[in-house]
Amino acid sequence: MAAMNGMLRGLKDGGMAIWVAPSGGRDRRNVDSGKVPIAPFDQKTVDMFRLMGNKSKVPTHFYPMAMVSYDLCPPPDFVEAGVGEQRNVRFTPIGIAIMDEVPNVGGAEKRHLFTEKAEEECIVGYTNLLKGLNMDKYIPEEYSS
């Protein structure tokens, strides 16, 4: 709770950037296809940051960001109980893309539209990064439309 209050204070002061993994950073390789899809965004996480932006009473801007870094330090293929995961660091290309702002509009009844738009933009950026890094083999089929 202290961390959230600290972020809210920073938003009220203005000029603060917060980098959030709205899926909790739980992207895992599909062991059957070898593709690396983005984990679905968590609606409650996105709602919490939208609420903080609204509570700050300062204009708050939301920019979806995609990052390709899976091969740099890939997690195990399956989530394991307990603390910590075995990781191996590798030399590999990585990339980050920041998309256009997603306006923070609509009330509680339309909050899913904000999250869906942010996730769609993130997928577009992620797919473009994979193509630009010649890592097309990781693009999930559902992103290829």
# chains A, B, ... in the order shown; residues from 1 in each chain; ligands from 1
>>> residues_around(residues="A:Ser144", least_positions_apart="3", cutoff="12 Å", atoms="only C-alpha atoms", output="PyMOL selection string")
chain A and resi 37+123-124+126-128+130-131+136-141
>>> select_by_dssp(residues="stretch 45-142 of chain A", states="strand (DSSP E)", output="list in words")
Met65, Ala66, Met67, Val68, Gly95, Ile96, Ala97 and Ile98 of chain A
>>> residues_around(residues="stretch 10-24 of chain A", least_positions_apart="2", cutoff="7 Å", atoms="only C-alpha atoms", output="VMD selection string")
chain A and resid 6 to 8 26 39 to 42 45 to 46 53 56 to 58
>>> write_last_selection(atoms="N, CA, C and O atoms", output="JSON list (two decimals), in the first residue's frame")
[["chain", "number", "residue", "atom", "x", "y", "z"],
["A", 6, "GLY", "N", 2.86, 6.17, -2.67],
["A", 6, "GLY", "CA", 4.02, 6.89, -3.19],
["A", 6, "GLY", "C", 3.83, 7.21, -4.67],
["A", 6, "GLY", "O", 4.17, 8.32, -5.12],
["A", 7, "MET", "N", 3.29, 6.27, -5.43],
["A", 7, "MET", "CA", 3.04, 6.54, -6.85],
["A", 7, "MET", "C", 1.96, 7.60, -7.02],
["A", 7, "MET", "O", 2.08, 8.48, -7.88],
["A", 8, "LEU", "N", 0.92, 7.55, -6.19],
["A", 8, "LEU", "CA", -0.14, 8.56, -6.28],
["A", 8, "LEU", "C", 0.41, 9.95, -5.97],
["A", 8, "LEU", "O", 0.11, 10.91, -6.67],
["A", 26, "ARG", "N", 3.91, -12.23, -16.82],
["A", 26, "ARG", "CA", 3.83, -13.69, -16.81],
["A", 26, "ARG", "C", 3.82, -14.30, -18.20],
["A", 26, "ARG", "O", 3.24, -15.36, -18.41],
["A", 39, "ALA", "N", 0.85, -12.34, -22.31],
["A", 39, "ALA", "CA", -0.16, -12.78, -21.34],
["A", 39, "ALA", "C", -1.29, -11.74, -21.32],
["A", 39, "ALA", "O", -1.04, -10.54, -21.48],
["A", 40, "PRO", "N", -2.53, -12.21, -21.14],
["A", 40, "PRO", "CA", -3.66, -11.27, -21.14],
["A", 40, "PRO", "C", -3.50, -10.20, -20.06],
["A", 40, "PRO", "O", -3.01, -10.47, -18.97],
["A", 41, "PHE", "N", -3.92, -8.98, -20.39],
["A", 41, "PHE", "CA", -3.86, -7.89, -19.43],
["A", 41, "PHE", "C", -4.84, -8.16, -18.29],
["A", 41, "PHE", "O", -5.94, -8.65, -18.51],
["A", 42, "ASP", "N", -4.44, -7.80, -17.09],
["A", 42, "ASP", "CA", -5.28, -7.95, -15.92],
["A", 42, "ASP", "C", -6.12, -6.68, -15.74],
["A", 42, "ASP", "O", -5.57, -5.61, -15.49],
["A", 45, "THR", "N", -5.58, -4.59, -12.54],
["A", 45, "THR", "CA", -4.33, -3.83, -12.52],
["A", 45, "THR", "C", -4.47, -2.55, -13.32],
["A", 45, "THR", "O", -4.10, -1.46, -12.87],
["A", 46, "VAL", "N", -5.03, -2.68, -14.52],
["A", 46, "VAL", "CA", -5.22, -1.50, -15.38],
["A", 46, "VAL", "C", -6.16, -0.51, -14.70],
["A", 46, "VAL", "O", -5.90, 0.70, -14.65],
["A", 53, "GLY", "N", -4.64, 7.72, -11.69],
["A", 53, "GLY", "CA", -4.53, 8.87, -12.58],
["A", 53, "GLY", "C", -5.68, 9.84, -12.37],
["A", 53, "GLY", "O", -5.48, 11.06, -12.33],
["A", 56, "SER", "N", -5.38, 11.70, -9.02],
["A", 56, "SER", "CA", -4.28, 12.66, -8.93],
["A", 56, "SER", "C", -4.73, 14.08, -9.28],
["A", 56, "SER", "O", -4.08, 15.04, -8.89],
["A", 57, "LYS", "N", -5.84, 14.19, -10.02],
["A", 57, "LYS", "CA", -6.36, 15.50, -10.46],
["A", 57, "LYS", "C", -5.38, 16.23, -11.37],
["A", 57, "LYS", "O", -5.47, 17.42, -11.57],
["A", 58, "VAL", "N", -4.41, 15.50, -11.91],
["A", 58, "VAL", "CA", -3.42, 16.03, -12.85],
["A", 58, "VAL", "C", -3.58, 15.24, -14.15],
["A", 58, "VAL", "O", -3.80, 14.03, -14.10]]
>>> closest_residue(among="A:Asp32, A:Asp71, A:Asp77, A:Glu116", to="A:Val89", atoms="only C-alpha atoms")
A:Asp71
>>> closest_residue(among="A:Leu51, A:Ile98, A:Gly106, A:Pro75", to="A:Cys122", atoms="only C-alpha atoms")
A:Ile98
>>> decode(residues="stretch 118-140 of chain A", atoms="N, CA and C atoms", output="compact mmCIF listing (two decimals), in the first residue's frame")
# COMPACT_ATOMS: atom_id res chain seq x y z
N ALA A 118 -5.66 -0.85 -25.13
CA ALA A 118 -4.24 -0.86 -24.73
C ALA A 118 -3.59 -2.21 -25.08
N GLU A 119 -4.31 -3.29 -24.84
CA GLU A 119 -3.77 -4.62 -25.15
C GLU A 119 -3.62 -4.81 -26.66
N GLU A 120 -4.60 -4.37 -27.43
CA GLU A 120 -4.52 -4.47 -28.90
C GLU A 120 -3.31 -3.70 -29.42
N GLU A 121 -3.11 -2.48 -28.92
CA GLU A 121 -1.97 -1.67 -29.35
C GLU A 121 -0.64 -2.33 -28.98
N CYS A 122 -0.61 -2.92 -27.81
CA CYS A 122 0.60 -3.61 -27.35
C CYS A 122 0.93 -4.79 -28.26
N ILE A 123 -0.10 -5.53 -28.67
CA ILE A 123 0.10 -6.68 -29.56
C ILE A 123 0.62 -6.22 -30.91
N VAL A 124 0.09 -5.11 -31.43
CA VAL A 124 0.58 -4.57 -32.71
C VAL A 124 2.06 -4.20 -32.58
N GLY A 125 2.41 -3.48 -31.51
CA GLY A 125 3.80 -3.10 -31.31
C GLY A 125 4.71 -4.30 -31.14
N TYR A 126 4.25 -5.30 -30.40
CA TYR A 126 5.02 -6.52 -30.15
C TYR A 126 5.27 -7.26 -31.47
N THR A 127 4.23 -7.40 -32.27
CA THR A 127 4.34 -8.09 -33.56
C THR A 127 5.31 -7.35 -34.47
N ASN A 128 5.20 -6.03 -34.52
CA ASN A 128 6.11 -5.22 -35.35
C ASN A 128 7.56 -5.35 -34.88
N LEU A 129 7.75 -5.39 -33.57
CA LEU A 129 9.11 -5.57 -33.05
C LEU A 129 9.67 -6.93 -33.46
N LEU A 130 8.88 -7.97 -33.30
CA LEU A 130 9.36 -9.31 -33.68
C LEU A 130 9.75 -9.34 -35.16
N LYS A 131 8.92 -8.73 -36.00
CA LYS A 131 9.25 -8.68 -37.42
C LYS A 131 10.53 -7.90 -37.66
N GLY A 132 10.67 -6.76 -37.00
CA GLY A 132 11.84 -5.91 -37.17
C GLY A 132 13.12 -6.56 -36.67
N LEU A 133 12.99 -7.47 -35.71
CA LEU A 133 14.16 -8.16 -35.16
C LEU A 133 14.39 -9.52 -35.85
N ASN A 134 13.65 -9.76 -36.94
CA ASN A 134 13.73 -11.05 -37.66
C ASN A 134 13.45 -12.23 -36.74
N MET A 135 12.46 -12.06 -35.88
CA MET A 135 12.06 -13.11 -34.94
C MET A 135 10.62 -13.53 -35.21
N ASP A 136 10.28 -13.57 -36.49
CA ASP A 136 8.91 -13.91 -36.91
C ASP A 136 8.45 -15.26 -36.35
N LYS A 137 9.38 -16.16 -36.10
CA LYS A 137 9.02 -17.49 -35.61
C LYS A 137 8.27 -17.43 -34.28
N TYR A 138 8.39 -16.32 -33.54
CA TYR A 138 7.72 -16.20 -32.25
C TYR A 138 6.32 -15.59 -32.33
N ILE A 139 5.94 -15.09 -33.51
CA ILE A 139 4.63 -14.43 -33.63
C ILE A 139 3.52 -15.47 -33.56
N PRO A 140 2.66 -15.38 -32.55
CA PRO A 140 1.54 -16.33 -32.47
C PRO A 140 0.60 -16.17 -33.66
